[in-house]
Every structure is written in structure tokens, then in C-alpha cells.
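Next comes entry23.csv, a file with CSV, C-alpha atoms.
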```csv
chain,number,residue,atom,x,y,z
A,254,MET,CA,0.0,0.0,0.0
A,255,ARG,CA,1.1,3.5,-0.7
A,256,VAL,CA,1.9,5.4,2.6
A,257,VAL,CA,2.0,9.2,2.7
A,258,VAL,CA,4.3,10.4,5.5
A,259,PRO,CA,3.7,14.1,6.3
A,260,PHE,CA,6.7,16.1,7.5
A,261,ASP,CA,7.2,19.7,8.5
A,262,ALA,CA,10.6,20.4,6.9
A,263,ARG,CA,10.7,24.1,7.7
A,264,GLU,CA,10.0,24.6,11.5
A,265,PRO,CA,9.7,21.1,12.9
A,266,LYS,CA,8.9,20.4,16.5
A,267,THR,CA,8.7,24.0,17.9
A,268,ARG,CA,7.3,22.7,21.2
A,269,LEU,CA,10.7,21.1,21.8
A,270,SER,CA,12.4,24.5,21.7
A,271,GLY,CA,12.9,24.5,25.5
A,272,VAL,CA,15.3,21.5,25.2
A,273,LEU,CA,16.5,21.6,21.6
A,274,ASP,CA,17.7,24.6,19.5
A,275,GLY,CA,16.7,25.0,15.8
A,276,PRO,CA,19.3,22.9,14.1
A,277,GLU,CA,18.9,20.2,16.8
A,278,ARG,CA,15.1,20.1,16.3
A,279,SER,CA,15.7,19.8,12.6
A,280,ALA,CA,18.2,16.9,13.0
A,281,PHE,CA,15.9,15.1,15.5
A,282,ALA,CA,12.8,15.5,13.4
A,283,ARG,CA,14.7,14.0,10.4
A,284,ALA,CA,15.9,11.1,12.6
A,285,MET,CA,12.3,10.4,13.6
A,286,LEU,CA,11.2,10.6,9.9
A,287,ARG,CA,13.8,8.1,8.8
A,288,ASP,CA,12.6,5.7,11.6
A,289,VAL,CA,9.0,6.0,10.4
A,290,LEU,CA,10.1,5.4,6.7
A,291,ASP,CA,12.1,2.3,7.8
A,292,ALA,CA,9.2,0.9,9.7
A,293,VAL,CA,6.8,1.5,6.8
A,294,ARG,CA,9.2,-0.2,4.3
A,295,SER,CA,9.8,-3.1,6.6
A,296,ALA,CA,6.0,-3.5,7.0
A,297,GLY,CA,5.6,-3.8,3.2
A,298,GLY,CA,4.4,-0.3,2.6
A,299,GLU,CA,5.6,2.1,-0.1
A,300,PRO,CA,6.4,5.4,1.6
A,301,ALA,CA,6.4,8.8,0.1
A,302,VAL,CA,7.0,12.0,2.0
A,303,LEU,CA,4.6,15.0,1.9
A,304,ALA,CA,6.6,17.9,3.1
A,305,THR,CA,6.4,21.7,3.4
A,306,ALA,CA,9.9,22.0,1.9
A,307,ASP,CA,12.3,19.6,0.1
A,308,VAL,CA,14.0,17.0,2.3
A,309,ASP,CA,16.5,14.3,1.3
A,310,VAL,CA,15.5,11.0,2.9
A,311,GLY,CA,15.8,8.5,0.0
A,312,VAL,CA,12.1,8.3,-0.9
A,313,PRO,CA,9.9,10.3,-3.2
A,314,VAL,CA,9.1,13.7,-1.7
A,315,THR,CA,6.1,15.9,-2.7
A,316,VAL,CA,6.4,19.5,-1.6
A,317,ASP,CA,3.1,21.2,-0.6
A,318,GLU,CA,3.3,24.4,1.4
A,319,ARG,CA,-0.4,24.3,2.4
A,320,SER,CA,-1.5,23.0,5.8
A,321,LEU,CA,-2.0,19.2,6.2
A,322,THR,CA,-5.7,19.0,5.7
A,323,PRO,CA,-6.0,20.3,2.1
A,324,ALA,CA,-2.7,18.7,1.2
A,325,ILE,CA,-4.0,15.3,2.2
A,326,ASN,CA,-7.5,15.7,0.9
A,327,ASP,CA,-6.1,16.5,-2.6
A,328,ARG,CA,-4.7,13.0,-2.5
A,329,LEU,CA,-7.8,11.2,-1.5
A,330,GLY,CA,-9.6,11.0,-4.9
A,331,ALA,CA,-10.9,7.7,-6.1
A,332,ALA,CA,-7.8,6.9,-8.1
A,333,ASP,CA,-5.6,7.2,-5.0
A,334,VAL,CA,-7.2,4.8,-2.5
A,335,PRO,CA,-6.2,2.7,-0.7
A,336,LEU,CA,-3.9,5.1,0.8
A,337,ALA,CA,-2.3,5.1,4.3
A,338,ILE,CA,-1.2,8.3,6.1
A,339,VAL,CA,1.4,7.8,8.9
A,340,MET,CA,2.8,10.9,10.7
A,341,GLY,CA,6.5,11.5,10.4
A,342,ASP,CA,7.0,12.0,14.2
A,343,LEU,CA,6.0,8.5,15.4
A,344,ALA,CA,9.5,7.8,16.8
A,345,LEU,CA,8.3,4.5,18.4
A,346,ALA,CA,7.0,3.1,15.1
A,347,VAL,CA,8.3,-0.5,14.4
A,348,PRO,CA,7.4,-2.8,11.5
A,349,ASP,CA,5.0,-4.9,13.6
A,350,ALA,CA,2.9,-1.9,14.6
A,351,VAL,CA,2.8,-0.6,11.0
A,352,GLU,CA,1.8,-4.1,9.8
A,353,ARG,CA,-1.1,-4.1,12.2
A,354,LEU,CA,-2.2,-0.8,10.7
A,355,LEU,CA,-1.8,-1.8,7.0
A,356,ASP,CA,-3.5,-5.2,7.7
A,357,ALA,CA,-6.5,-3.8,9.6
A,358,ASP,CA,-9.8,-4.3,7.7
A,359,GLY,CA,-12.3,-1.7,7.0
A,360,PRO,CA,-13.0,1.3,4.7
A,361,VAL,CA,-11.4,3.7,7.2
A,362,VAL,CA,-8.9,2.7,9.8
A,363,LEU,CA,-7.8,5.2,12.5
A,364,VAL,CA,-5.0,5.3,15.0
A,365,PRO,CA,-5.6,7.9,17.8
A,366,GLY,CA,-2.8,10.2,18.9
A,367,ARG,CA,-2.5,11.2,22.5
A,368,GLY,CA,-4.3,14.5,23.1
A,369,GLY,CA,-7.1,14.1,20.7
A,370,GLY,CA,-5.2,13.8,17.4
A,371,THR,CA,-5.0,11.2,14.7
A,372,ASN,CA,-1.6,9.7,14.1
A,373,ALA,CA,-2.3,7.3,11.3
A,374,LEU,CA,-5.1,6.3,8.9
A,375,VAL,CA,-5.9,3.9,6.2
A,376,VAL,CA,-8.4,5.2,3.7
A,377,ARG,CA,-10.0,2.7,1.3
A,378,GLU,CA,-13.2,4.7,0.7
A,379,PRO,CA,-12.8,7.9,-1.4
A,380,ALA,CA,-15.9,9.5,0.2
A,381,PHE,CA,-13.9,10.0,3.4
A,382,HIS,CA,-11.8,13.2,3.9
A,383,VAL,CA,-9.5,14.3,6.7
A,384,ASP,CA,-9.6,17.3,9.0
A,385,PHE,CA,-6.5,17.5,11.2
A,386,HIS,CA,-7.3,20.7,13.1
A,387,GLY,CA,-8.2,20.4,16.8
A,388,ALA,CA,-9.7,17.1,18.1
A,389,SER,CA,-9.2,15.4,14.8
A,390,PHE,CA,-9.9,11.9,16.1
A,391,ARG,CA,-13.4,12.9,17.1
A,392,ASP,CA,-13.8,14.7,13.8
A,393,HIS,CA,-12.6,11.7,11.8
A,394,ARG,CA,-15.1,9.5,13.5
A,395,ARG,CA,-17.9,12.0,12.7
A,396,ILE,CA,-16.8,12.4,9.0
A,397,ALA,CA,-16.7,8.6,8.7
A,398,SER,CA,-20.2,8.3,10.3
A,399,GLU,CA,-21.6,11.0,7.9
A,400,ALA,CA,-20.3,8.9,5.0
A,401,GLY,CA,-22.0,5.8,6.5
A,402,ILE,CA,-18.7,4.3,7.5
A,403,ASP,CA,-17.9,2.6,10.9
A,404,PRO,CA,-14.2,3.2,11.2
A,405,SER,CA,-11.8,0.6,12.6
A,406,VAL,CA,-9.4,1.6,15.3
A,407,VAL,CA,-5.9,0.1,15.8
A,408,ASP,CA,-4.9,0.0,19.4
A,409,SER,CA,-1.1,0.6,19.4
A,410,TYR,CA,0.8,2.5,22.1
A,411,ARG,CA,3.7,2.9,19.6
A,412,LEU,CA,1.6,4.5,16.9
A,413,SER,CA,-0.4,6.6,19.4
A,414,THR,CA,2.8,8.2,20.6
A,415,ASP,CA,3.7,11.3,18.6
A,416,VAL,CA,6.7,13.3,19.8
A,417,ASP,CA,5.8,16.9,20.4
A,418,GLU,CA,6.8,17.9,23.9
A,419,PRO,CA,9.8,17.4,26.2
A,420,ALA,CA,7.9,14.8,28.2
A,421,ASP,CA,7.6,12.7,25.0
A,422,LEU,CA,11.3,12.2,25.0
A,423,VAL,CA,11.0,9.9,28.0
A,424,GLU,CA,9.0,7.5,25.7
A,425,VAL,CA,11.7,7.8,22.9
A,426,LEU,CA,14.6,7.0,25.3
A,427,LEU,CA,12.7,4.1,26.9
A,428,HIS,CA,11.0,2.5,23.9
A,429,GLY,CA,12.7,3.8,20.8
A,430,GLU,CA,14.7,1.3,18.7
A,431,GLY,CA,16.0,3.5,15.9
A,432,ARG,CA,17.8,6.6,14.9
A,433,ALA,CA,15.8,9.1,17.0
A,434,ALA,CA,16.6,7.3,20.3
A,435,ALA,CA,20.2,6.9,19.3
A,436,TRP,CA,20.3,10.6,18.4
A,437,LEU,CA,19.0,11.6,21.8
A,438,GLU,CA,21.6,9.4,23.5
A,439,ASP,CA,24.4,10.8,21.4
A,440,GLU,CA,23.3,14.3,22.4
A,441,GLY,CA,23.6,13.4,26.1
A,442,PHE,CA,19.9,12.9,26.9
A,443,GLU,CA,19.1,10.4,29.6
A,444,LEU,CA,16.3,9.4,31.9
A,445,VAL,CA,16.3,11.1,35.3
A,446,VAL,CA,14.1,9.7,38.2
A,447,ASN,CA,13.1,12.2,40.8
A,448,ASP,CA,10.7,11.3,43.6
A,449,GLY,CA,9.4,8.4,41.5
A,450,ARG,CA,8.7,10.7,38.5
A,451,VAL,CA,10.6,10.0,35.3
A,452,ASP,CA,11.9,12.9,33.2
A,453,VAL,CA,14.8,13.6,30.8
A,454,GLY,CA,18.0,15.4,31.6
A,455,ARG,CA,21.0,16.3,29.4
A,456,ASP,CA,24.6,15.9,30.5
B,39,MET,CA,-5.9,-16.6,34.7
B,40,ARG,CA,-6.0,-14.9,38.0
B,41,VAL,CA,-5.6,-11.1,37.7
B,42,VAL,CA,-4.6,-8.9,40.6
B,43,VAL,CA,-5.9,-5.3,40.2
B,44,PRO,CA,-4.1,-2.9,42.6
B,45,PHE,CA,-6.2,0.0,43.9
B,46,ASP,CA,-5.5,2.9,46.3
B,47,ALA,CA,-8.7,3.0,48.3
B,48,ARG,CA,-7.5,5.7,50.7
B,49,GLU,CA,-6.2,8.7,48.7
B,50,PRO,CA,-6.7,7.9,45.1
B,51,LYS,CA,-5.6,10.1,42.2
B,52,THR,CA,-4.1,13.0,44.2
B,53,ARG,CA,-2.7,14.5,41.0
B,54,LEU,CA,-6.2,15.2,39.9
B,55,SER,CA,-6.8,17.4,42.9
B,56,GLY,CA,-6.7,20.5,40.7
B,57,VAL,CA,-9.9,19.4,38.9
B,58,LEU,CA,-11.6,17.0,41.3
B,59,ASP,CA,-12.2,17.3,45.1
B,60,GLY,CA,-11.6,14.4,47.4
B,61,PRO,CA,-15.1,12.7,47.2
B,62,GLU,CA,-15.0,13.2,43.4
B,63,ARG,CA,-11.6,11.6,43.1
B,64,SER,CA,-12.8,8.7,45.1
B,65,ALA,CA,-15.9,8.2,43.0
B,66,PHE,CA,-14.0,8.6,39.7
B,67,ALA,CA,-11.3,6.2,40.9
B,68,ARG,CA,-14.0,3.6,41.7
B,69,ALA,CA,-15.6,4.1,38.3
B,70,MET,CA,-12.2,3.4,36.6
B,71,LEU,CA,-11.7,0.3,38.8
B,72,ARG,CA,-15.1,-1.1,37.9
B,73,ASP,CA,-14.3,-0.5,34.2
B,74,VAL,CA,-11.0,-2.5,34.6
B,75,LEU,CA,-12.8,-5.3,36.5
B,76,ASP,CA,-15.4,-5.5,33.7
B,77,ALA,CA,-12.8,-5.7,31.0
B,78,VAL,CA,-10.8,-8.4,32.8
B,79,ARG,CA,-13.9,-10.5,33.4
B,80,SER,CA,-15.1,-10.1,29.8
B,81,ALA,CA,-11.6,-11.2,28.7
B,82,GLY,CA,-11.9,-14.4,30.7
B,83,GLY,CA,-9.7,-13.3,33.6
B,84,GLU,CA,-10.6,-13.9,37.2
B,85,PRO,CA,-10.1,-10.5,38.9
B,86,ALA,CA,-9.3,-9.8,42.5
B,87,VAL,CA,-8.6,-6.4,44.0
B,88,LEU,CA,-5.5,-5.7,46.0
B,89,ALA,CA,-6.3,-2.5,47.9
B,90,THR,CA,-4.9,-0.3,50.7
B,91,ALA,CA,-8.3,-0.3,52.4
B,92,ASP,CA,-11.5,-2.2,51.9
B,93,VAL,CA,-13.6,-1.4,48.8
B,94,ASP,CA,-16.9,-2.9,47.7
B,95,VAL,CA,-16.8,-3.7,44.0
B,96,GLY,CA,-18.3,-7.2,43.8
B,97,VAL,CA,-15.0,-9.1,43.6
B,98,PRO,CA,-12.7,-10.5,46.3
B,99,VAL,CA,-10.6,-7.8,47.9
B,100,THR,CA,-7.3,-8.3,49.8
B,101,VAL,CA,-6.3,-5.3,52.0
B,102,ASP,CA,-2.6,-4.7,52.2
B,103,GLU,CA,-1.4,-1.4,53.6
B,104,ARG,CA,2.1,-1.7,52.3
B,105,SER,CA,3.3,-0.1,49.1
B,106,LEU,CA,2.7,-2.0,45.8
B,107,THR,CA,6.1,-3.6,45.3
B,108,PRO,CA,6.2,-5.8,48.5
B,109,ALA,CA,2.4,-6.4,48.3
B,110,ILE,CA,2.7,-7.8,44.8
B,111,ASN,CA,6.0,-9.7,45.4
B,112,ASP,CA,4.4,-11.6,48.3
B,113,ARG,CA,2.0,-13.0,45.7
B,114,LEU,CA,4.6,-14.1,43.2
B,115,GLY,CA,5.6,-17.4,44.7
B,116,ALA,CA,5.7,-20.5,42.7
B,117,ALA,CA,2.2,-21.6,43.8
B,118,ASP,CA,0.8,-18.3,42.5
B,119,VAL,CA,1.9,-18.1,38.9
B,120,PRO,CA,0.6,-17.6,36.3
B,121,LEU,CA,-0.6,-14.3,37.6
B,122,ALA,CA,-1.5,-11.1,35.8
B,123,ILE,CA,-1.4,-7.7,37.3
B,124,VAL,CA,-3.5,-4.9,35.8
B,125,MET,CA,-3.6,-1.5,37.3
B,126,GLY,CA,-7.0,-0.2,38.5
B,127,ASP,CA,-6.7,3.2,36.7
B,128,LEU,CA,-6.6,2.0,33.1
B,129,ALA,CA,-9.9,3.7,32.2
B,130,LEU,CA,-9.6,2.8,28.5
B,131,ALA,CA,-9.3,-0.9,29.1
B,132,VAL,CA,-11.6,-3.0,27.0
B,133,PRO,CA,-11.9,-6.8,26.7
B,134,ASP,CA,-10.0,-7.0,23.4
B,135,ALA,CA,-7.0,-5.2,24.9
B,136,VAL,CA,-7.0,-7.4,28.1
B,137,GLU,CA,-7.3,-10.5,25.9
B,138,ARG,CA,-4.2,-9.5,24.0
B,139,LEU,CA,-2.4,-9.3,27.4
B,140,LEU,CA,-3.6,-12.6,28.8
B,141,ASP,CA,-3.0,-14.4,25.5
B,142,ALA,CA,0.5,-13.0,25.0
B,143,ASP,CA,3.2,-15.8,25.2
B,144,GLY,CA,6.3,-15.7,27.3
B,145,PRO,CA,7.4,-16.1,30.9
B,146,VAL,CA,7.0,-12.4,31.5
B,147,VAL,CA,4.8,-10.1,29.6
B,148,LEU,CA,4.9,-6.3,30.1
B,149,VAL,CA,2.7,-3.4,29.2
B,150,PRO,CA,4.4,0.0,29.4
B,151,GLY,CA,2.7,2.9,31.0
B,152,ARG,CA,3.3,6.4,29.7
B,153,GLY,CA,6.0,8.1,31.6
B,154,GLY,CA,8.2,5.1,32.3
B,155,GLY,CA,5.8,3.0,34.3
B,156,THR,CA,4.4,-0.5,33.9
B,157,ASN,CA,0.6,-0.7,33.6
B,158,ALA,CA,0.2,-4.4,33.4
B,159,LEU,CA,2.1,-7.7,33.5
B,160,VAL,CA,1.7,-11.4,33.2
B,161,VAL,CA,4.1,-13.4,35.2
B,162,ARG,CA,4.5,-17.2,34.5
B,163,GLU,CA,8.0,-17.5,36.0
B,164,PRO,CA,8.3,-17.3,39.8
B,165,ALA,CA,11.9,-16.1,39.6
B,166,PHE,CA,10.7,-12.7,38.4
B,167,HIS,CA,9.8,-10.0,40.9
B,168,VAL,CA,8.4,-6.5,40.5
B,169,ASP,CA,9.7,-3.0,41.4
B,170,PHE,CA,7.2,-0.3,40.8
B,171,HIS,CA,9.2,2.6,42.0
B,172,GLY,CA,10.5,5.1,39.4
B,173,ALA,CA,11.2,4.0,35.8
B,174,SER,CA,9.6,0.6,36.5
B,175,PHE,CA,9.4,-0.5,32.9
B,176,ARG,CA,13.2,-0.2,32.6
B,177,ASP,CA,13.6,-2.0,35.9
B,178,HIS,CA,11.3,-4.8,34.9
B,179,ARG,CA,13.3,-5.4,31.8
B,180,ARG,CA,16.5,-5.5,33.8
B,181,ILE,CA,15.0,-7.8,36.5
B,182,ALA,CA,13.8,-10.1,33.7
B,183,SER,CA,17.1,-10.1,32.0
B,184,GLU,CA,18.9,-10.9,35.3
B,185,ALA,CA,16.6,-14.0,35.5
B,186,GLY,CA,17.5,-15.0,32.0
B,187,ILE,CA,14.1,-14.0,30.7
B,188,ASP,CA,13.4,-12.0,27.5
B,189,PRO,CA,10.1,-10.3,28.3
B,190,SER,CA,7.3,-9.9,25.8
B,191,VAL,CA,5.7,-6.5,25.4
B,192,VAL,CA,2.1,-5.9,24.5
B,193,ASP,CA,1.6,-2.8,22.3
B,194,SER,CA,-1.7,-1.3,23.4
B,195,TYR,CA,-2.5,2.4,23.6
B,196,ARG,CA,-5.5,1.5,25.8
B,197,LEU,CA,-3.5,-0.4,28.3
B,198,SER,CA,-0.6,2.1,28.2
B,199,THR,CA,-2.9,4.9,29.3
B,200,ASP,CA,-3.2,5.2,33.0
B,201,VAL,CA,-5.1,8.2,34.3
B,202,ASP,CA,-3.1,10.3,36.7
B,203,GLU,CA,-3.3,14.0,35.6
B,204,PRO,CA,-5.9,16.3,34.2
B,205,ALA,CA,-4.5,16.0,30.6
B,206,ASP,CA,-5.3,12.2,30.8
B,207,LEU,CA,-9.0,13.1,31.1
B,208,VAL,CA,-9.0,14.0,27.4
B,209,GLU,CA,-8.2,10.4,26.6
B,210,VAL,CA,-11.0,9.2,28.9
B,211,LEU,CA,-13.6,11.5,27.3
B,212,LEU,CA,-12.5,10.6,23.8
B,213,HIS,CA,-11.8,6.9,24.0
B,214,GLY,CA,-13.5,5.6,27.2
B,215,GLU,CA,-16.4,3.3,26.8
B,216,GLY,CA,-17.5,2.7,30.4
B,217,ARG,CA,-18.4,4.1,33.7
B,218,ALA,CA,-15.4,6.5,34.0
B,219,ALA,CA,-16.2,8.3,30.8
B,220,ALA,CA,-19.9,8.4,31.7
B,221,TRP,CA,-19.0,9.7,35.2
B,222,LEU,CA,-16.9,12.6,33.7
B,223,GLU,CA,-19.7,13.5,31.3
B,224,ASP,CA,-22.3,13.4,34.1
B,225,GLU,CA,-20.1,15.7,36.1
B,226,GLY,CA,-20.0,18.2,33.3
B,227,PHE,CA,-16.6,17.6,31.8
B,228,GLU,CA,-16.2,18.1,28.1
B,229,LEU,CA,-13.5,18.5,25.5
B,230,VAL,CA,-12.4,22.1,24.8
B,231,VAL,CA,-10.4,22.9,21.7
B,232,ASN,CA,-8.3,26.1,21.9
B,233,ASP,CA,-5.9,27.0,19.1
B,234,GLY,CA,-5.8,23.5,17.9
B,235,ARG,CA,-5.0,22.1,21.4
B,236,VAL,CA,-7.4,19.8,23.1
B,237,ASP,CA,-8.1,20.1,26.8
B,238,VAL,CA,-11.0,19.4,29.2
B,239,GLY,CA,-13.4,22.0,30.7
B,240,ARG,CA,-16.2,21.7,33.1
B,241,ASP,CA,-19.6,23.4,32.7
```

Go ahead and render the structure in this file as C-alpha cells.
Amino acid sequence: MRVVVPFDAREPKTRLSGVLDGPERSAFARAMLRDVLDAVRSAGGEPAVLATADVDVGVPVTVDERSLTPAINDRLGAADVPLAIVMGDLALAVPDAVERLLDADGPVVLVPGRGGGTNALVVREPAFHVDFHGASFRDHRRIASEAGIDPSVVDSYRLSTDVDEPADLVEVLLHGEGRAAAWLEDEGFELVVNDGRVDVGRD
Amino acid sequence: MRVVVPFDAREPKTRLSGVLDGPERSAFARAMLRDVLDAVRSAGGEPAVLATADVDVGVPVTVDERSLTPAINDRLGAADVPLAIVMGDLALAVPDAVERLLDADGPVVLVPGRGGGTNALVVREPAFHVDFHGASFRDHRRIASEAGIDPSVVDSYRLSTDVDEPADLVEVLLHGEGRAAAWLEDEGFELVVNDGRVDVGRD
């Protein structure tokens, strides 16, 4: 299946600016993207990046400067389904988890993101469209329902974990198996346990 | 399989004190516990509660005032395995997710909790013991490794979501299917979307 992987190539991961400067955020975001592309390929998907600016990661890249919703909806015509969408910041993605997504049955398959978002979809029904603003998981259920579709949901901690905020780096250090976790370790990040609470520190 | 469900019956969910007063936290914690017990029963498990004080939820309750680590380890003797442990605050637990846990192969099965914790385990090897303080998922991997065990990991967003902080209520409102979600709705909680970010409000 073709898998579109959205990526912000211009100002990625601004909510990490308290712990990573601009060049670091760019490098870390690209490490996560490469981890996602590896997992998609190993799961048998054919990845292509949809980016806000050109990026060199060894797969086809389409540059679209618009926001994600119109950029994706332009690709959801009848000629384009089935199509999967897997966000480029799922640093815990592994082949098994992506396989569960691509193998899930149904006209629309959703993977929730923590905090109300949608981290991945499979669309087999061209009447469906996306809306990534706000509580997109709720909106995607509503859009599916309005099209007479009962969406399937894949229950994966790995795919539900998108990396936006410093607290998310705990998950990457503990459960990441690829370049993003290695990049954090190389940059001196490590787990810090204070009073039973787990955080990240940097040496 | 026997499933121990730990529950703090005395001062549950103190990190929710900014949004729920004491009696509310107690009622909400009990709603979550009942959801977990329902999911365990529907998945074919035999639940028993391990609580810091007596609680009436229609299943056997053992009161143990100690912290969780010694209370669980006392139950991990050879006569007691296989034994599953499923935390009482997994408000998104559904039978399918618990079935995946109970059906997972291996001498030790772990489910990570967000933030470094361990939300559920299956123990079939009495040489294993638990340590719930701090980054317990890392510790449980180490303890398993020292016993020559390669632990299995179940990848479930539902089981990885324990409810500790106000932000976690977003997950319950969006994805909960039981008493805890209904309780929040009855108490006037709802999703609020501001600037694309999703939070909870109370009317």
C-alpha cells in the first residue's frame, strides 16, 4: 500500500524549543522521519513524504506548502485509494505496529494520537476526507459516520505516541529502537528519576 | 488466569486534585476500577482487587497497607503463577486489549505505562519480581534479564494509558467506553479545543 508520511521540513517540533535549538530540532525530526520510513518499508508499505519543503531521505518527496488537511485531501480521490497516512514524528514506530495498521480491515482505519489527534489512517473509501485541526480523532469518527462508515481503530501505544513535547522524549529514550533514540543518547539525553517521577535530563 | 488489580482506596488520584475534590476523586477512581474489572472478566480473567483499604466492587478484595512492590512480590511465589497484574486506573481498558495481554506468550509479559511506568504484567516465571518505584518499565526489563528472561511486550494504547493527571481526562472523554467516561460526562466535563490544542473543561 502507498503510505504518505507528512513532515514539516521548515520549522519542525517547535514545542521542543525548550530543550533543543533550531538545528537540533531539525536533526531530531529527520531522525524520527527516517525511523518511520524504515518501519513502513519493513512492513511492506511504499512510503512517500509529503513535506512543506524539500527533504532528502531516500524516498519520493512531494512539496506542498499548504496545511496538512488540504494537502492530504487533494490526494484522497478515487484513483488514490487505498492510501495510508502515517505521521512523520512517530518515533516509536516499528514494523509490527505498522503491519497491524496496514493489515487492519475496513473502509477507514484510524489510530488515535495522544491528546485528541489522529496519528495514522488507512483510507479505502474515497468519500472520506480528513480534518487535522483540533480534536481530529473525534472529527474523523464524525466524518466517517456521515459517510455511512464505521471506522476501525488500531490499538497501538507505539503508533499513538507522537513526539511533540519534552515529556515525550521519555518515551523515545525508553522504547525507541532506531535513529531518534540513538540521536538523543548521542546528544547526552538520559532518563532522570526524581521522587518516583521520570523525566529527561541532558549531561 | 487470576488477575490482581491494585487500587489505592484511601487517597486515590491526588494528582487530579486541581480538577476534582476528594469525594469526586474517590468516585472517579472507583468508576475506573469497575471498568477495569469488567474488561478483565469479559476477557476471561478472574479479577481480585489488592487495595490499601476495603472497597466494595463485587470481587474478592485483599487489603494490604504496604506499598505496591512488596504487596505484589508476596504474591509471586511458585504456587501463584501464572498471575496477571492490571492497574486499577486503566480507564480505557476494553476486553480485546486485556485478551491480548492474557493471550501473549512468554514467561514475563509487560505493558508499558506512559512516563516510564508499567501498567500491566503477566508473570509465569516465579523467579521474576516487580519493582514499581521510578522508571519501572526499565527496571522490569532489567529484572527479567537478570533472571535469563526475554520479556514480551504488548503494544496497546488503551493499556498504556493510566489516568493520573488532568490531561489524561482528554483520553477518557474521547476513548473511554465505560463508567469512568460516563461519570466525567455526568459531572459536566467536556472537550475544549483552543488554538488546535485539546483540553478538558467543566460546565

Inset, instruction - Go ahead and find all residues with at least one atom no further than 10 Å from (9.1, 1.4, 35.6) in the file's coordinates, using all atoms listed in the file; report them as a ChimeraX atom specification. - result: /A:427,449-451 /B:150-157,168-179

Closest of A:Ser279, A:Thr414, A:Ser405, A:Ser295 to chain B, counting all atoms listed in the file, is A:Thr414

Using all atoms listed in the file, which of the listed residues (B:Gly56, B:Gly144, B:Pro44, B:Gly115) sits closest to Asp102 in chain B?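 Among the listed residues, B:Pro44 lies closest to Asp102 in chain B.
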
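With only C-alpha atoms as the basis for measurement, A:Pro419 is the residue among A:Pro300, A:Gly275, A:Gly431, A:Pro419 that approaches chain B most closely.
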
Using all atoms listed in the file for the distances, tell me which of A:Leu345, A:Val308, A:Val302, A:Val416 is nearest to Ile325 in chain A.
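Of A:Leu345, A:Val308, A:Val302, A:Val416, the one nearest Ile325 in chain A, counting all atoms listed in the file, is A:Val302.
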
- Spatial neighbours of Pro120 in chain B, max dist 12 Å, only C-alpha atoms, sep filter under 5 positions, as a count of residues only: 24

A straight line from CA of Asp73 in chain B to CA of Gly96 in chain B spans 12.4 Å

By how many Å are CA of Pro133 in chain B and CA of Val119 in chain B apart?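 CA of Pro133 in chain B sits 21.6 Å away from CA of Val119 in chain B.
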
Handout entry: Nearby residues (all atoms listed in the file) at most 7 Å from Val453 in chain A, same-chain spacing under 2 positions excluded, as a ChimeraX atom specification
Key = /A:422-423,442-445,455

A straight line from CA of Ala158 in chain B to CA of Tyr195 in chain B spans 12.2 Å

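Residue nearest chain B within the list A:Glu430, A:Asp417, A:Asp452, A:Glu277: A:Asp452 [criterion: smallest interatomic distance, only C-alpha atoms].
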
From the list A:Ser409, A:Ser270, A:Asn447, A:Ser398, the nearest residue to chain B using all atoms listed in the file is A:Ser409
